[in-house]
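Undergrad: Attaching a single structure in structure tokens format; questions to follow.
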Amino acid sequence: MNRRDLLMRIAGGLLIVVALAWFAYVNSGEQVDVDFGLFAIRSVSLSLVIYGAIVVGMVFMLAVSLRGDVRTGKALERYDQIAADVLRDIEEDGESVEREVVKKEAEKT
């Protein structure tokens, strides 16, 4: 990663942090009730509810995507093994062809 990309990532991260801090500050006085069906929580900060929902959503997406990531990793390992086998076969065929060429040249002389 070059210096420009690093600076852009840092600037983007700082921009996101500033935007989140501004959102929390602007909505710091807002209180909401959260009803879960069986029970309710009264007077919770709106910022806390939104940030909590974001974190819960990220954890849920991580849990959902793990199975696919593991399956993809196993498929990539299989493809790497197949590619290694094919390359080994090509090298072996190349060596046998090279031996035949050397043998034919030796017979000519």
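Each chain of the structure tokens is named A, B, ... in the order shown, its residues numbered from 1; ligands are numbered from 1 in display order.
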Quick one: contact table of range 41-104 of chain A to range 1-20 of chain A, 12 Å max, nearest atom pair and distance in Å to one decimal per residue, counting only C-alpha atoms, chain and number order, as JSON lines?
TA:
```
{"residue": "A:Ser47", "atom": "CA", "partner": "A:Leu20", "partner_atom": "CA", "distance": 9.2}
{"residue": "A:Leu48", "atom": "CA", "partner": "A:Leu20", "partner_atom": "CA", "distance": 11.5}
{"residue": "A:Ile50", "atom": "CA", "partner": "A:Leu20", "partner_atom": "CA", "distance": 10.7}
{"residue": "A:Tyr51", "atom": "CA", "partner": "A:Leu20", "partner_atom": "CA", "distance": 9.2}
{"residue": "A:Ile54", "atom": "CA", "partner": "A:Leu20", "partner_atom": "CA", "distance": 11.9}
```
Undergrad: Enumerate as an MDAnalysis selection string all residues of chain A assigned to helix (DSSP H, G or I) by DSSP on the backbone, naming them with the chain letters and numbers the document uses.
TA: chainID A and resid 3:26 46:108
Undergrad: Show which residues sit within 7 Å of Asn27 in chain A, as a PDB file with N, CA and C atoms, in the first residue's frame. Count only C-alpha atoms, and ignore same-chain residues fewer than 3 positions away.
TA:
```pdb
ATOM      1  N   PHE A  23     -23.367  12.822  15.103  1.00  0.00           N
ATOM      2  CA  PHE A  23     -24.699  12.228  15.223  1.00  0.00           C
ATOM      3  C   PHE A  23     -25.041  11.957  16.688  1.00  0.00           C
ATOM      4  N   ALA A  24     -24.092  11.406  17.439  1.00  0.00           N
ATOM      5  CA  ALA A  24     -24.331  11.116  18.855  1.00  0.00           C
ATOM      6  C   ALA A  24     -24.562  12.404  19.638  1.00  0.00           C
ATOM      7  N   GLU A  30     -32.195  12.821  22.935  1.00  0.00           N
ATOM      8  CA  GLU A  30     -33.349  12.046  22.485  1.00  0.00           C
ATOM      9  C   GLU A  30     -33.432  10.723  23.241  1.00  0.00           C
ATOM     10  N   LEU A  46     -31.258   7.427  21.932  1.00  0.00           N
ATOM     11  CA  LEU A  46     -31.441   7.065  20.527  1.00  0.00           C
ATOM     12  C   LEU A  46     -30.117   6.645  19.896  1.00  0.00           C
ATOM     13  N   SER A  47     -29.048   7.351  20.231  1.00  0.00           N
ATOM     14  CA  SER A  47     -27.730   7.000  19.691  1.00  0.00           C
ATOM     15  C   SER A  47     -27.330   5.598  20.115  1.00  0.00           C
TER      16      SER A  47
END
```
Undergrad: For CA of Ile41 in chain A and CA of Gly57 in chain A, determine how far apart the two atoms are, in Å to one decimal place.
TA: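 Taking CA of Ile41 in chain A and CA of Gly57 in chain A, their separation equals 19.5 Å.
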Undergrad: So which residues of chain A fall under strand (DSSP E) by DSSP, listed as a list in words?
TA: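 Secondary structure check on chain A, strand (DSSP E): Gln31, Val32, Asp33, Val34, Asp35, Ala40, Ile41, Arg42, Ser43, Val44 and Ser45 of chain A.
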Undergrad: Suppose we keep N, CA and C atoms; can you now write the selection as a compact mmCIF listing (two decimals), in the first residue's frame?
TA:
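Listing of again_14.txt after writing:
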```
# COMPACT_ATOMS: atom_id res chain seq x y z
N GLN A 31 -34.57 10.47 23.83
CA GLN A 31 -34.81 9.22 24.55
C GLN A 31 -35.94 8.47 23.85
N VAL A 32 -35.78 7.17 23.72
CA VAL A 32 -36.80 6.35 23.08
C VAL A 32 -37.09 5.13 23.95
N ASP A 33 -38.24 4.53 23.71
CA ASP A 33 -38.60 3.28 24.37
C ASP A 33 -38.37 2.14 23.38
N VAL A 34 -37.75 1.07 23.86
CA VAL A 34 -37.48 -0.09 23.01
C VAL A 34 -38.36 -1.23 23.51
N ASP A 35 -39.26 -1.71 22.64
CA ASP A 35 -40.19 -2.77 23.00
C ASP A 35 -39.76 -4.05 22.30
N ALA A 40 -40.06 -4.36 27.76
CA ALA A 40 -39.71 -3.09 27.13
C ALA A 40 -38.67 -2.38 27.99
N ILE A 41 -37.83 -1.63 27.34
CA ILE A 41 -36.85 -0.80 28.03
C ILE A 41 -37.23 0.65 27.76
N ARG A 42 -37.36 1.41 28.82
CA ARG A 42 -37.82 2.79 28.70
C ARG A 42 -36.65 3.77 28.76
N SER A 43 -36.79 4.86 28.08
CA SER A 43 -35.85 5.98 28.10
C SER A 43 -34.41 5.57 27.80
N VAL A 44 -34.23 5.02 26.62
CA VAL A 44 -32.89 4.65 26.16
C VAL A 44 -32.44 5.70 25.15
N SER A 45 -31.18 6.07 25.18
CA SER A 45 -30.65 7.05 24.25
C SER A 45 -30.80 6.55 22.81
```
Undergrad: Just how far from CA of Val55 in chain A is CA of Arg71 in chain A, in Å to one decimal?
TA: 25.0 Å
